[in-house]
file protein_10.cif (mmCIF, C-alpha atoms)
data_my_file
#
loop_
_atom_site.group_PDB
_atom_site.id
_atom_site.type_symbol
_atom_site.label_atom_id
_atom_site.label_comp_id
_atom_site.auth_asym_id
_atom_site.auth_seq_id
_atom_site.Cartn_x
_atom_site.Cartn_y
_atom_site.Cartn_z
ATOM 1 C CA MET E 1 -0.914 1.549 25.769
ATOM 2 C CA SER E 2 0.235 -1.971 26.440
ATOM 3 C CA ILE E 3 2.493 -3.828 24.064
ATOM 4 C CA ASP E 4 1.183 -7.147 22.808
ATOM 5 C CA TRP E 5 4.409 -9.165 23.119
ATOM 6 C CA THR E 6 2.752 -12.465 22.176
ATOM 7 C CA HIS E 7 1.849 -11.222 18.716
ATOM 8 C CA PHE E 8 4.988 -9.143 18.239
ATOM 9 C CA THR E 9 6.980 -10.659 15.358
ATOM 10 C CA PRO E 10 10.118 -8.533 14.991
ATOM 11 C CA LEU E 11 12.151 -10.952 12.868
ATOM 12 C CA SER E 12 9.560 -11.707 10.208
ATOM 13 C CA ALA E 13 8.556 -8.036 10.188
ATOM 14 C CA VAL E 14 12.089 -6.864 9.433
ATOM 15 C CA ALA E 15 12.701 -9.699 6.944
ATOM 16 C CA GLY E 16 9.388 -9.080 5.161
ATOM 17 C CA GLY E 17 10.102 -5.368 5.147
ATOM 18 C CA ALA E 18 13.534 -5.991 3.641
ATOM 19 C CA LEU E 19 11.910 -8.068 0.855
ATOM 20 C CA ILE E 20 9.478 -5.225 0.199
ATOM 21 C CA GLY E 21 12.358 -2.731 0.092
ATOM 22 C CA ALA E 22 14.351 -5.016 -2.215
ATOM 23 C CA SER E 23 11.366 -5.402 -4.574
ATOM 24 C CA ALA E 24 10.837 -1.645 -4.714
ATOM 25 C CA SER E 25 14.541 -1.178 -5.461
ATOM 26 C CA LEU E 26 14.481 -3.820 -8.207
ATOM 27 C CA LEU E 27 11.431 -2.294 -9.881
ATOM 28 C CA LEU E 28 13.099 1.113 -9.932
ATOM 29 C CA ALA E 29 16.456 -0.213 -11.151
ATOM 30 C CA LEU E 30 15.148 -2.642 -13.788
ATOM 31 C CA ASN E 31 11.886 -1.074 -14.948
ATOM 32 C CA GLY E 32 12.507 2.506 -13.889
ATOM 33 C CA ARG E 33 9.205 2.613 -12.007
ATOM 34 C CA ILE E 34 8.141 3.387 -8.452
ATOM 35 C CA ALA E 35 6.489 0.430 -6.676
ATOM 36 C CA GLY E 36 3.389 2.270 -5.537
ATOM 37 C CA ILE E 37 0.541 -0.204 -5.677
ATOM 38 C CA SER E 38 -2.284 2.346 -5.802
ATOM 39 C CA GLY E 39 -0.517 4.128 -8.666
ATOM 40 C CA ILE E 40 0.147 0.900 -10.559
ATOM 41 C CA VAL E 41 -3.452 -0.316 -10.169
ATOM 42 C CA GLY E 42 -5.031 3.119 -10.596
ATOM 43 C CA GLY E 43 -2.954 3.729 -13.704
ATOM 44 C CA LEU E 44 -4.575 0.672 -15.288
ATOM 45 C CA LEU E 45 -7.865 2.556 -15.398
ATOM 46 C CA ARG E 46 -6.324 5.050 -17.819
ATOM 47 C CA PHE E 47 -5.558 2.246 -20.305
ATOM 48 C CA PRO E 48 -2.155 3.757 -21.017
ATOM 49 C CA ARG E 49 -0.857 2.614 -24.406
ATOM 50 C CA GLY E 50 2.481 0.842 -24.115
ATOM 51 C CA ASP E 51 2.398 1.181 -20.347
ATOM 52 C CA LEU E 52 -0.131 -1.513 -19.577
ATOM 53 C CA ALA E 53 1.774 -4.810 -19.711
ATOM 54 C CA TRP E 54 4.166 -4.233 -16.815
ATOM 55 C CA ARG E 55 1.298 -3.020 -14.611
ATOM 56 C CA ILE E 56 -0.780 -6.133 -15.295
ATOM 57 C CA ALA E 57 2.287 -8.339 -14.828
ATOM 58 C CA PHE E 58 3.163 -6.728 -11.487
ATOM 59 C CA VAL E 59 -0.389 -7.087 -10.168
ATOM 60 C CA ALA E 60 -0.472 -10.710 -11.382
ATOM 61 C CA GLY E 61 2.779 -11.349 -9.506
ATOM 62 C CA LEU E 62 1.295 -9.888 -6.328
ATOM 63 C CA ALA E 63 -1.808 -12.043 -6.711
ATOM 64 C CA ALA E 64 0.313 -15.146 -7.320
ATOM 65 C CA ALA E 65 2.396 -14.500 -4.200
ATOM 66 C CA GLY E 66 0.027 -16.354 -1.842
ATOM 67 C CA PRO E 67 -0.144 -19.624 -3.793
ATOM 68 C CA VAL E 68 3.608 -19.553 -4.562
ATOM 69 C CA TYR E 69 4.487 -18.760 -0.923
ATOM 70 C CA ARG E 70 2.475 -21.798 0.127
ATOM 71 C CA LEU E 71 4.736 -24.049 -1.984
ATOM 72 C CA PHE E 72 7.727 -23.161 0.174
ATOM 73 C CA ALA E 73 6.410 -22.263 3.596
ATOM 74 C CA VAL E 74 3.311 -22.056 5.725
ATOM 75 C CA PRO E 75 2.053 -18.479 5.489
ATOM 76 C CA PRO E 76 1.246 -16.673 8.743
ATOM 77 C CA ALA E 77 -2.421 -16.732 9.737
ATOM 78 C CA SER E 78 -4.640 -14.141 8.113
ATOM 79 C CA GLY E 79 -8.245 -13.237 8.428
ATOM 80 C CA VAL E 80 -10.775 -10.626 7.421
ATOM 81 C CA THR E 81 -13.719 -10.365 9.767
ATOM 82 C CA HIS E 82 -15.446 -7.272 8.447
ATOM 83 C CA SER E 83 -18.968 -7.143 7.046
ATOM 84 C CA ILE E 84 -19.528 -6.577 3.322
ATOM 85 C CA PRO E 85 -20.800 -2.965 3.716
ATOM 86 C CA THR E 86 -17.790 -2.122 5.915
ATOM 87 C CA LEU E 87 -15.409 -3.533 3.315
ATOM 88 C CA MET E 88 -17.171 -1.567 0.578
ATOM 89 C CA LEU E 89 -16.887 1.689 2.492
ATOM 90 C CA ALA E 90 -13.242 1.073 3.376
ATOM 91 C CA GLY E 91 -12.347 0.056 -0.181
ATOM 92 C CA LEU E 92 -14.031 3.124 -1.642
ATOM 93 C CA LEU E 93 -12.154 5.445 0.732
ATOM 94 C CA VAL E 94 -8.849 3.685 0.075
ATOM 95 C CA GLY E 95 -9.343 3.897 -3.705
ATOM 96 C CA LEU E 96 -10.404 7.527 -3.802
ATOM 97 C CA GLY E 97 -8.013 8.683 -1.074
ATOM 98 C CA SER E 98 -4.925 6.960 -2.453
ATOM 99 C CA ARG E 99 -5.458 8.572 -5.853
ATOM 100 C CA TYR E 100 -6.049 12.070 -4.473
ATOM 101 C CA GLY E 101 -3.165 11.592 -2.080
ATOM 102 C CA ALA E 102 -1.089 10.262 -5.007
ATOM 103 C CA GLY E 103 0.069 7.203 -3.148
ATOM 104 C CA CYS E 104 -0.443 4.697 -0.375
ATOM 105 C CA THR E 105 1.592 2.750 2.162
ATOM 106 C CA SER E 106 3.963 1.452 -0.543
ATOM 107 C CA GLY E 107 4.360 4.529 -2.744
ATOM 108 C CA HIS E 108 4.654 7.140 -0.004
ATOM 109 C CA GLY E 109 5.399 4.996 3.046
ATOM 110 C CA VAL E 110 8.217 2.963 1.527
ATOM 111 C CA CYS E 111 9.411 4.455 -1.777
ATOM 112 C CA GLY E 112 8.762 8.096 -0.912
ATOM 113 C CA LEU E 113 10.406 7.900 2.489
ATOM 114 C CA ALA E 114 13.323 5.955 0.988
ATOM 115 C CA ARG E 115 14.031 8.834 -1.380
ATOM 116 C CA LEU E 116 13.590 11.321 1.469
ATOM 117 C CA SER E 117 10.624 13.101 -0.132
ATOM 118 C CA PRO E 118 9.066 15.698 2.225
ATOM 119 C CA ARG E 119 5.806 15.308 0.272
ATOM 120 C CA SER E 120 5.727 11.580 1.000
ATOM 121 C CA LEU E 121 6.622 12.193 4.634
ATOM 122 C CA ALA E 122 3.633 14.535 4.932
ATOM 123 C CA ALA E 123 1.340 12.003 3.238
ATOM 124 C CA THR E 124 2.636 9.112 5.369
ATOM 125 C CA LEU E 125 2.215 11.060 8.603
ATOM 126 C CA GLY E 126 -1.257 12.028 7.370
ATOM 127 C CA PHE E 127 -2.555 8.528 6.762
ATOM 128 C CA MET E 128 -0.796 7.026 9.784
ATOM 129 C CA VAL E 129 -2.220 9.574 12.209
ATOM 130 C CA VAL E 130 -5.691 9.296 10.669
ATOM 131 C CA GLY E 131 -5.379 5.487 10.687
ATOM 132 C CA PHE E 132 -4.542 5.546 14.413
ATOM 133 C CA LEU E 133 -7.443 7.918 15.103
ATOM 134 C CA THR E 134 -9.881 5.838 13.055
ATOM 135 C CA VAL E 135 -9.045 2.633 14.903
ATOM 136 C CA TYR E 136 -9.295 4.496 18.203
ATOM 137 C CA LEU E 137 -12.745 5.788 17.268
ATOM 138 C CA VAL E 138 -13.998 2.456 15.952
ATOM 139 C CA ARG E 139 -12.650 0.291 18.773
ATOM 140 C CA HIS E 140 -12.693 2.518 21.817
ATOM 141 C CA VAL E 141 -15.360 5.159 21.247
ATOM 142 C CA LEU E 142 -18.010 3.750 18.913
ATOM 143 C CA ALA E 143 -17.761 0.188 20.213
ATOM 144 C CA SER E 144 -18.076 1.231 23.852
ATOM 145 C CA SER E 145 -20.919 3.659 23.190
ATOM 146 C CA VAL E 146 -22.786 0.913 21.314
ATOM 147 C CA GLY E 147 -21.997 -1.428 24.193
ATOM 148 C CA ALA E 148 -23.265 1.105 26.714
ATOM 149 C CA ALA E 149 -26.495 1.645 24.778
ATOM 150 C CA SER E 150 -27.382 -2.014 24.523
ATOM 151 C CA MET H 151 11.210 -8.485 -20.661
ATOM 152 C CA LYS H 152 9.876 -5.610 -18.573
ATOM 153 C CA ALA H 153 6.654 -7.544 -18.011
ATOM 154 C CA VAL H 154 8.607 -10.622 -16.884
ATOM 155 C CA SER H 155 10.646 -8.617 -14.401
ATOM 156 C CA ALA H 156 7.504 -6.835 -13.177
ATOM 157 C CA PHE H 157 5.800 -10.192 -12.574
ATOM 158 C CA LEU H 158 8.748 -11.612 -10.623
ATOM 159 C CA ILE H 159 9.160 -8.409 -8.621
ATOM 160 C CA GLY H 160 5.430 -8.417 -7.857
ATOM 161 C CA LEU H 161 5.820 -11.966 -6.612
ATOM 162 C CA LEU H 162 8.723 -10.968 -4.348
ATOM 163 C CA PHE H 163 6.840 -7.899 -3.110
ATOM 164 C CA GLY H 164 3.824 -10.068 -2.280
ATOM 165 C CA ALA H 165 5.990 -12.612 -0.462
ATOM 166 C CA GLY H 166 7.424 -9.738 1.578
ATOM 167 C CA LEU H 167 3.935 -8.539 2.476
ATOM 168 C CA ILE H 168 2.894 -12.040 3.567
ATOM 169 C CA LEU H 169 6.043 -12.678 5.620
ATOM 170 C CA ALA H 170 5.801 -9.224 7.195
ATOM 171 C CA GLY H 171 2.218 -9.808 8.316
ATOM 172 C CA MET H 172 0.864 -6.979 6.165
ATOM 173 C CA ALA H 173 -1.464 -9.409 4.384
ATOM 174 C CA ASN H 174 -3.203 -10.032 7.698
ATOM 175 C CA PRO H 175 -5.715 -7.230 8.361
ATOM 176 C CA THR H 176 -6.031 -8.324 11.992
ATOM 177 C CA LYS H 177 -2.317 -7.662 12.504
ATOM 178 C CA VAL H 178 -2.481 -4.332 10.667
ATOM 179 C CA LEU H 179 -5.353 -3.210 12.904
ATOM 180 C CA ALA H 180 -3.449 -4.385 15.989
ATOM 181 C CA PHE H 181 -0.632 -2.060 14.894
ATOM 182 C CA LEU H 182 -3.027 0.846 14.404
ATOM 183 C CA ASP H 183 -4.659 0.240 17.791
ATOM 184 C CA LEU H 184 -2.375 2.273 20.044
ATOM 185 C CA ALA H 185 -4.891 2.289 22.880
ATOM 186 C CA GLY H 186 -5.452 -1.457 22.817
ATOM 187 C CA SER H 187 -2.854 -4.190 23.129
ATOM 188 C CA TRP H 188 -0.437 -2.753 20.613
ATOM 189 C CA ASP H 189 1.512 -4.908 18.164
ATOM 190 C CA PRO H 190 4.464 -2.755 17.021
ATOM 191 C CA SER H 191 5.565 -5.231 14.312
ATOM 192 C CA LEU H 192 4.525 -3.135 11.341
ATOM 193 C CA ALA H 193 6.771 -0.256 12.368
ATOM 194 C CA LEU H 194 9.634 -2.699 11.847
ATOM 195 C CA VAL H 195 8.277 -3.642 8.410
ATOM 196 C CA MET H 196 8.568 -0.037 7.341
ATOM 197 C CA ALA H 197 12.002 0.293 8.948
ATOM 198 C CA GLY H 198 13.236 -2.876 7.222
ATOM 199 C CA ALA H 199 11.885 -1.745 3.852
ATOM 200 C CA ILE H 200 13.408 1.716 4.089
ATOM 201 C CA ALA H 201 16.742 0.379 5.373
ATOM 202 C CA VAL H 202 17.058 -1.561 2.115
ATOM 203 C CA ALA H 203 15.385 0.868 -0.284
ATOM 204 C CA ALA H 204 17.010 4.137 0.847
ATOM 205 C CA PRO H 205 20.619 3.229 -0.027
ATOM 206 C CA ALA H 206 19.449 1.333 -3.135
ATOM 207 C CA PHE H 207 17.420 4.308 -4.388
ATOM 208 C CA ALA H 208 20.407 6.605 -3.833
ATOM 209 C CA LEU H 209 22.524 4.318 -6.027
ATOM 210 C CA ILE H 210 19.812 3.895 -8.669
ATOM 211 C CA ARG H 211 19.466 7.660 -9.008
ATOM 212 C CA GLY H 212 22.990 7.687 -10.386
ATOM 213 C CA LEU H 213 22.070 5.347 -13.252
ATOM 214 C CA PRO H 214 21.717 6.964 -16.680
ATOM 215 C CA HIS H 215 18.637 4.846 -17.470
ATOM 216 C CA ALA H 216 16.690 1.851 -16.195
ATOM 217 C CA LEU H 217 18.631 -1.401 -16.553
ATOM 218 C CA LEU H 218 15.997 -2.838 -18.896
ATOM 219 C CA GLY H 219 15.897 0.383 -20.880
ATOM 220 C CA GLY H 220 13.890 3.580 -20.695
ATOM 221 C CA GLN H 221 13.878 6.416 -18.235
ATOM 222 C CA ILE H 222 13.925 6.081 -14.478
ATOM 223 C CA GLN H 223 10.645 7.775 -13.634
ATOM 224 C CA LEU H 224 10.558 9.507 -10.285
ATOM 225 C CA PRO H 225 7.630 11.602 -9.068
ATOM 226 C CA VAL H 226 8.061 15.247 -9.972
ATOM 227 C CA SER H 227 5.543 16.894 -7.663
ATOM 228 C CA SER H 228 6.745 18.239 -4.351
ATOM 229 C CA ALA H 229 3.527 20.059 -3.430
ATOM 230 C CA ILE H 230 2.235 19.531 0.086
ATOM 231 C CA ASP H 231 -1.321 20.753 -0.363
ATOM 232 C CA LEU H 232 -4.902 20.082 0.611
ATOM 233 C CA ARG H 233 -5.227 17.527 -2.150
ATOM 234 C CA LEU H 234 -2.322 15.466 -0.785
ATOM 235 C CA ILE H 235 -3.307 15.725 2.863
ATOM 236 C CA GLY H 236 -7.039 15.331 2.266
ATOM 237 C CA GLY H 237 -6.479 12.295 0.048
ATOM 238 C CA SER H 238 -4.068 10.742 2.530
ATOM 239 C CA ALA H 239 -6.527 11.356 5.365
ATOM 240 C CA MET H 240 -9.305 9.684 3.373
ATOM 241 C CA PHE H 241 -6.965 6.770 2.702
ATOM 242 C CA GLY H 242 -6.161 6.628 6.423
ATOM 243 C CA ILE H 243 -9.843 6.341 7.335
ATOM 244 C CA GLY H 244 -10.364 3.438 4.922
ATOM 245 C CA TRP H 245 -7.147 1.774 6.077
ATOM 246 C CA GLY H 246 -8.169 2.200 9.708
ATOM 247 C CA ILE H 247 -11.630 0.744 9.114
ATOM 248 C CA ALA H 248 -10.531 -2.472 7.410
ATOM 249 C CA GLY H 249 -6.783 -2.774 7.981
ATOM 250 C CA ILE H 250 -6.351 -3.345 4.250
ATOM 251 C CA CYS H 251 -4.356 -1.256 1.785
ATOM 252 C CA PRO H 252 -3.957 -1.848 -1.968
ATOM 253 C CA GLY H 253 -0.928 -4.198 -2.034
ATOM 254 C CA PRO H 254 -2.125 -6.615 0.656
ATOM 255 C CA ASP H 255 -5.584 -6.560 -0.899
ATOM 256 C CA VAL H 256 -4.266 -7.929 -4.187
ATOM 257 C CA VAL H 257 -2.332 -10.586 -2.241
ATOM 258 C CA LEU H 258 -5.480 -11.558 -0.296
ATOM 259 C CA LEU H 259 -7.415 -11.676 -3.551
ATOM 260 C CA GLY H 260 -4.855 -14.127 -4.920
ATOM 261 C CA GLN H 261 -5.383 -16.261 -1.825
ATOM 262 C CA GLY H 262 -9.042 -16.540 -2.756
ATOM 263 C CA SER H 263 -10.455 -14.149 -0.181
ATOM 264 C CA LEU H 264 -14.022 -13.076 -0.982
ATOM 265 C CA ALA H 265 -13.649 -10.120 1.368
ATOM 266 C CA ALA H 266 -10.663 -8.957 -0.690
ATOM 267 C CA LEU H 267 -12.781 -9.214 -3.831
ATOM 268 C CA VAL H 268 -15.409 -6.920 -2.316
ATOM 269 C CA PHE H 269 -12.687 -4.537 -1.139
ATOM 270 C CA VAL H 270 -10.890 -4.438 -4.499
ATOM 271 C CA ALA H 271 -14.148 -3.848 -6.376
ATOM 272 C CA ALA H 272 -14.972 -0.900 -4.110
ATOM 273 C CA MET H 273 -11.397 0.365 -4.400
ATOM 274 C CA LEU H 274 -11.606 0.291 -8.195
ATOM 275 C CA VAL H 275 -14.884 2.204 -8.009
ATOM 276 C CA GLY H 276 -13.105 4.809 -5.851
ATOM 277 C CA MET H 277 -10.190 5.014 -8.279
ATOM 278 C CA GLY H 278 -12.578 5.207 -11.236
ATOM 279 C CA LEU H 279 -14.483 7.976 -9.474
ATOM 280 C CA PHE H 280 -11.209 9.876 -9.144
ATOM 281 C CA GLU H 281 -10.495 9.483 -12.890
ATOM 282 C CA TRP H 282 -14.049 10.559 -13.701
ATOM 283 C CA ILE H 283 -13.905 13.662 -11.508
ATOM 284 C CA GLU H 284 -10.482 14.533 -12.899
ATOM 285 C CA ALA H 285 -11.707 14.186 -16.468
ATOM 286 C CA ALA H 286 -14.763 16.327 -15.739
ATOM 287 C CA ALA H 287 -12.710 19.102 -14.124
ATOM 288 C CA PRO H 288 -9.442 19.303 -15.999
ATOM 289 C CA VAL H 289 -6.511 20.384 -13.880
ATOM 290 C CA ASP H 290 -2.836 20.601 -14.635
ATOM 291 C CA ARG H 291 -1.959 16.952 -15.231
ATOM 292 C CA ALA H 292 1.650 17.581 -14.306
ATOM 293 C CA LEU H 293 0.574 18.443 -10.804
ATOM 294 C CA ALA H 294 -2.063 15.752 -10.636
ATOM 295 C CA ARG H 295 0.250 12.979 -11.784
ATOM 296 C CA PRO H 296 0.197 10.124 -9.340
ATOM 297 C CA ALA H 297 3.451 9.950 -7.459
ATOM 298 C CA ALA H 298 3.078 6.347 -6.576
#

call {"tool": "encode", "arguments": {"input": "protein_10.cif", "output": "structure tokens"}}
result
Amino acid sequence: MSIDWTHFTPLSAVAGGALIGASASLLLALNGRIAGISGIVGGLLRFPRGDLAWRIAFVAGLAAAGPVYRLFAVPPASGVTHSIPTLMLAGLLVGLGSRYGAGCTSGHGVCGLARLSPRSLAATLGFMVVGFLTVYLVRHVLASSVGAAS
Amino acid sequence: MKAVSAFLIGLLFGAGLILAGMANPTKVLAFLDLAGSWDPSLALVMAGAIAVAAPAFALIRGLPHALLGGQIQLPVSSAIDLRLIGGSAMFGIGWGIAGICPGPDVVLLGQGSLAALVFVAAMLVGMGLFEWIEAAAPVDRALARPAA
């Protein structure tokens, strides 16, 4: 392992994290709901009566964040370089997995850990470890074996 | 009122994701790439979020009801089972492949990313598949309730 100091952004990471934590706290205090994005989006598919508006509003707020952010500051660079089939596979796994696992990075990784839930700790460790392994396989095993073959 | 607060909180949450670098899949993958040149930033995102949310959640738990009315709904399940771990592992594979998870994907979609549109469509198919399988094989909904 070597640490990439040039791309290390500790201040904006902590500040952005604090905003995420503050938003999750506000949603729980004001609306009484956990800010788990996969649960909020996935719940939409059940067309819950009387429970739909806040979900749509929250997702709309998330989607509006980019354009609104741009009014005040230059957003950090971002880019997706994956092929369409790769994105489809990844999206499918994220959708299915987050629902079976009852949460994602926000629901388990932030809210669950913040309320000291052992279940969320297990889920977070699960997807982090598998995430690390997946990137290792894709970047350092598959890529080099493809490189060696060609 | 609850929809207004949800919209504004969603906006704040999204701004946090952008500032933190979570809306940049390249940065997320650089965090997950321990064997490459590792960018530890995202560990600090989680630390920053929990440092704020943990004390706040402890306070909120003492409230009799949500400030805008209604119950404070916390997940009830505490089961650590195959379903939880298998689902989380599946999520981890998808996250590791693209560096995108649900929140950042919606943010990217709002920024007009076509890739995010493809990802969100596939994600909704995955979530719909879950609902379909669940409906076909009824299980105890109390246990299956999404925690997040």

call {"tool": "residues_around", "arguments": {"input": "protein_10.cif", "residues": "E:Ser12", "least_positions_apart": "6", "cutoff": "9 Å", "atoms": "all atoms listed in the file", "output": "CSV table (one decimal) with C-alpha atoms, keeping the file's coordinate frame"}}
result
chain,number,residue,atom,x,y,z
H,169,LEU,CA,6.0,-12.7,5.6
H,170,ALA,CA,5.8,-9.2,7.2
H,171,GLY,CA,2.2,-9.8,8.3
H,191,SER,CA,5.6,-5.2,14.3
H,195,VAL,CA,8.3,-3.6,8.4

call {"tool": "atom_distance", "arguments": {"input": "protein_10.cif", "atom1": "atom CA of H:Ala272", "atom2": "atom CA of E:Gly43"}}
result
16.1 Å

call {"tool": "resolve_selection", "arguments": {"input": "protein_10.cif", "expression": "the PyMOL selection byres ((chain H and resi 152-155) around 9)", "output": "list in words"}}
result
Leu26, Leu27, Leu30, Asn31, Ala53, Trp54, Arg55, Ile56, Ala57 and Phe58 of chain E; Met151, Ala156, Phe157, Leu158, Ile159, Gly160, Leu218 and Gly219 of chain H

call {"tool": "atom_distance", "arguments": {"input": "protein_10.cif", "atom1": "atom CA of E:Gly21", "atom2": "atom CA of E:Leu92"}}
result
27.1 Å

call {"tool": "residues_around", "arguments": {"input": "protein_10.cif", "residues": "stretch 172-180 of chain H", "least_positions_apart": "2", "cutoff": "9 Å", "atoms": "all atoms listed in the file", "output": "ChimeraX atom specification"}}
result
/E:4,7,13,16,76-81,131-132,135 /H:164,166-170,182-184,186-192,195,245-251,253-255,257-258

call {"tool": "closest_residue", "arguments": {"input": "protein_10.cif", "among": "H:Leu213, H:Leu274, H:Ala286, H:Ile243", "to": "E:Leu137", "atoms": "all atoms listed in the file"}}
result
H:Ile243

call {"tool": "resolve_selection", "arguments": {"input": "protein_10.cif", "expression": "the PyMOL selection byres ((chain E and resi 41) around 9)", "output": "PyMOL selection string"}}
result
(chain E and resi 36-40+42-45+55-56+59) or (chain H and resi 252+274+277)

call {"tool": "atom_distance", "arguments": {"input": "protein_10.cif", "atom1": "atom CA of E:Gly97", "atom2": "atom CA of H:Gly276"}}
result
8.0 Å

call {"tool": "resolve_selection", "arguments": {"input": "protein_10.cif", "expression": "the PyMOL selection byres ((chain E and resi 63) around 7)", "output": "PyMOL selection string"}}
result
(chain E and resi 59-62+64-66) or (chain H and resi 256-257+259-260)

call {"tool": "closest_residue", "arguments": {"input": "protein_10.cif", "among": "H:Leu194, H:Ile210, H:Leu279, H:Val268", "to": "E:Phe8", "atoms": "only C-alpha atoms"}}
result
H:Leu194

call {"tool": "closest_residue", "arguments": {"input": "protein_10.cif", "among": "E:Leu71, E:Leu125, E:Ala114, E:Ala143", "to": "H:Leu209", "atoms": "only C-alpha atoms"}}
result
E:Ala114

call {"tool": "axis_aligned_box", "arguments": {"input": "protein_10.cif", "around": "stretch 46-49 of chain E", "padding_each_side": "5 Å", "output": "lines of an AutoDock Vina configuration file"}}
result
center_x = -3.6
center_y = 3.6
center_z = -21.1
size_x = 15.5
size_y = 12.8
size_z = 16.6

call {"tool": "residues_around", "arguments": {"input": "protein_10.cif", "residues": "H:Ala239", "least_positions_apart": "6", "cutoff": "12 Å", "atoms": "only C-alpha atoms", "output": "PDB file with C-alpha atoms, in the frame of the given file"}}
result
ATOM      1  CA  LEU E  93     -12.154   5.445   0.732  1.00  0.00           C
ATOM      2  CA  VAL E  94      -8.849   3.685   0.075  1.00  0.00           C
ATOM      3  CA  LEU E  96     -10.404   7.527  -3.802  1.00  0.00           C
ATOM      4  CA  GLY E  97      -8.013   8.683  -1.074  1.00  0.00           C
ATOM      5  CA  SER E  98      -4.925   6.960  -2.453  1.00  0.00           C
ATOM      6  CA  ARG E  99      -5.458   8.572  -5.853  1.00  0.00           C
ATOM      7  CA  TYR E 100      -6.049  12.070  -4.473  1.00  0.00           C
ATOM      8  CA  GLY E 101      -3.165  11.592  -2.080  1.00  0.00           C
ATOM      9  CA  ALA E 102      -1.089  10.262  -5.007  1.00  0.00           C
ATOM     10  CA  GLY E 103       0.069   7.203  -3.148  1.00  0.00           C
ATOM     11  CA  CYS E 104      -0.443   4.697  -0.375  1.00  0.00           C
ATOM     12  CA  ALA E 122       3.633  14.535   4.932  1.00  0.00           C
ATOM     13  CA  ALA E 123       1.340  12.003   3.238  1.00  0.00           C
ATOM     14  CA  THR E 124       2.636   9.112   5.369  1.00  0.00           C
ATOM     15  CA  LEU E 125       2.215  11.060   8.603  1.00  0.00           C
ATOM     16  CA  GLY E 126      -1.257  12.028   7.370  1.00  0.00           C
ATOM     17  CA  PHE E 127      -2.555   8.528   6.762  1.00  0.00           C
ATOM     18  CA  MET E 128      -0.796   7.026   9.784  1.00  0.00           C
ATOM     19  CA  VAL E 129      -2.220   9.574  12.209  1.00  0.00           C
ATOM     20  CA  VAL E 130      -5.691   9.296  10.669  1.00  0.00           C
ATOM     21  CA  GLY E 131      -5.379   5.487  10.687  1.00  0.00           C
ATOM     22  CA  PHE E 132      -4.542   5.546  14.413  1.00  0.00           C
ATOM     23  CA  LEU E 133      -7.443   7.918  15.103  1.00  0.00           C
ATOM     24  CA  THR E 134      -9.881   5.838  13.055  1.00  0.00           C
TER      25      THR E 134
ATOM     26  CA  LEU H 232      -4.902  20.082   0.611  1.00  0.00           C
ATOM     27  CA  ARG H 233      -5.227  17.527  -2.150  1.00  0.00           C
ATOM     28  CA  TRP H 245      -7.147   1.774   6.077  1.00  0.00           C
ATOM     29  CA  GLY H 246      -8.169   2.200   9.708  1.00  0.00           C
TER      30      GLY H 246
END

call {"tool": "closest_residue", "arguments": {"input": "protein_10.cif", "among": "E:Pro118, E:Gly109, E:Pro85, E:Gly95", "to": "chain H", "atoms": "all atoms listed in the file"}}
result
E:Gly95

call {"tool": "closest_residue", "arguments": {"input": "protein_10.cif", "among": "H:Gly237, H:Pro205, H:Val226, H:Gly262", "to": "chain E", "atoms": "all atoms listed in the file"}}
result
H:Gly237

call {"tool": "residues_near_point", "arguments": {"input": "protein_10.cif", "point": "(15.8, -6.0, 14.1)", "cutoff": "9 Å", "atoms": "only C-alpha atoms", "output": "PyMOL selection string"}}
result
(chain E and resi 10-11+13-15) or (chain H and resi 194+197-198)

call {"tool": "closest_residue", "arguments": {"input": "protein_10.cif", "among": "H:Met240, H:Ala285, H:Ala193, H:Leu267", "to": "chain E", "atoms": "only C-alpha atoms"}}
result
H:Met240

call {"tool": "residues_around", "arguments": {"input": "protein_10.cif", "residues": "H:Arg211", "least_positions_apart": "2", "cutoff": "10 Å", "atoms": "only C-alpha atoms", "output": "mmCIF file with C-alpha atoms, in the frame of the given file"}}
result
data_model
loop_
_atom_site.group_PDB
_atom_site.id
_atom_site.type_symbol
_atom_site.label_atom_id
_atom_site.label_comp_id
_atom_site.auth_asym_id
_atom_site.auth_seq_id
_atom_site.Cartn_x
_atom_site.Cartn_y
_atom_site.Cartn_z
ATOM 1 C CA LEU E 28 13.099 1.113 -9.932
ATOM 2 C CA ALA E 29 16.456 -0.213 -11.151
ATOM 3 C CA GLY E 32 12.507 2.506 -13.889
ATOM 4 C CA ARG E 115 14.031 8.834 -1.380
ATOM 5 C CA ALA H 206 19.449 1.333 -3.135
ATOM 6 C CA PHE H 207 17.420 4.308 -4.388
ATOM 7 C CA ALA H 208 20.407 6.605 -3.833
ATOM 8 C CA LEU H 209 22.524 4.318 -6.027
ATOM 9 C CA LEU H 213 22.070 5.347 -13.252
ATOM 10 C CA PRO H 214 21.717 6.964 -16.680
ATOM 11 C CA HIS H 215 18.637 4.846 -17.470
ATOM 12 C CA ALA H 216 16.690 1.851 -16.195
ATOM 13 C CA ILE H 222 13.925 6.081 -14.478
ATOM 14 C CA GLN H 223 10.645 7.775 -13.634
ATOM 15 C CA LEU H 224 10.558 9.507 -10.285
#
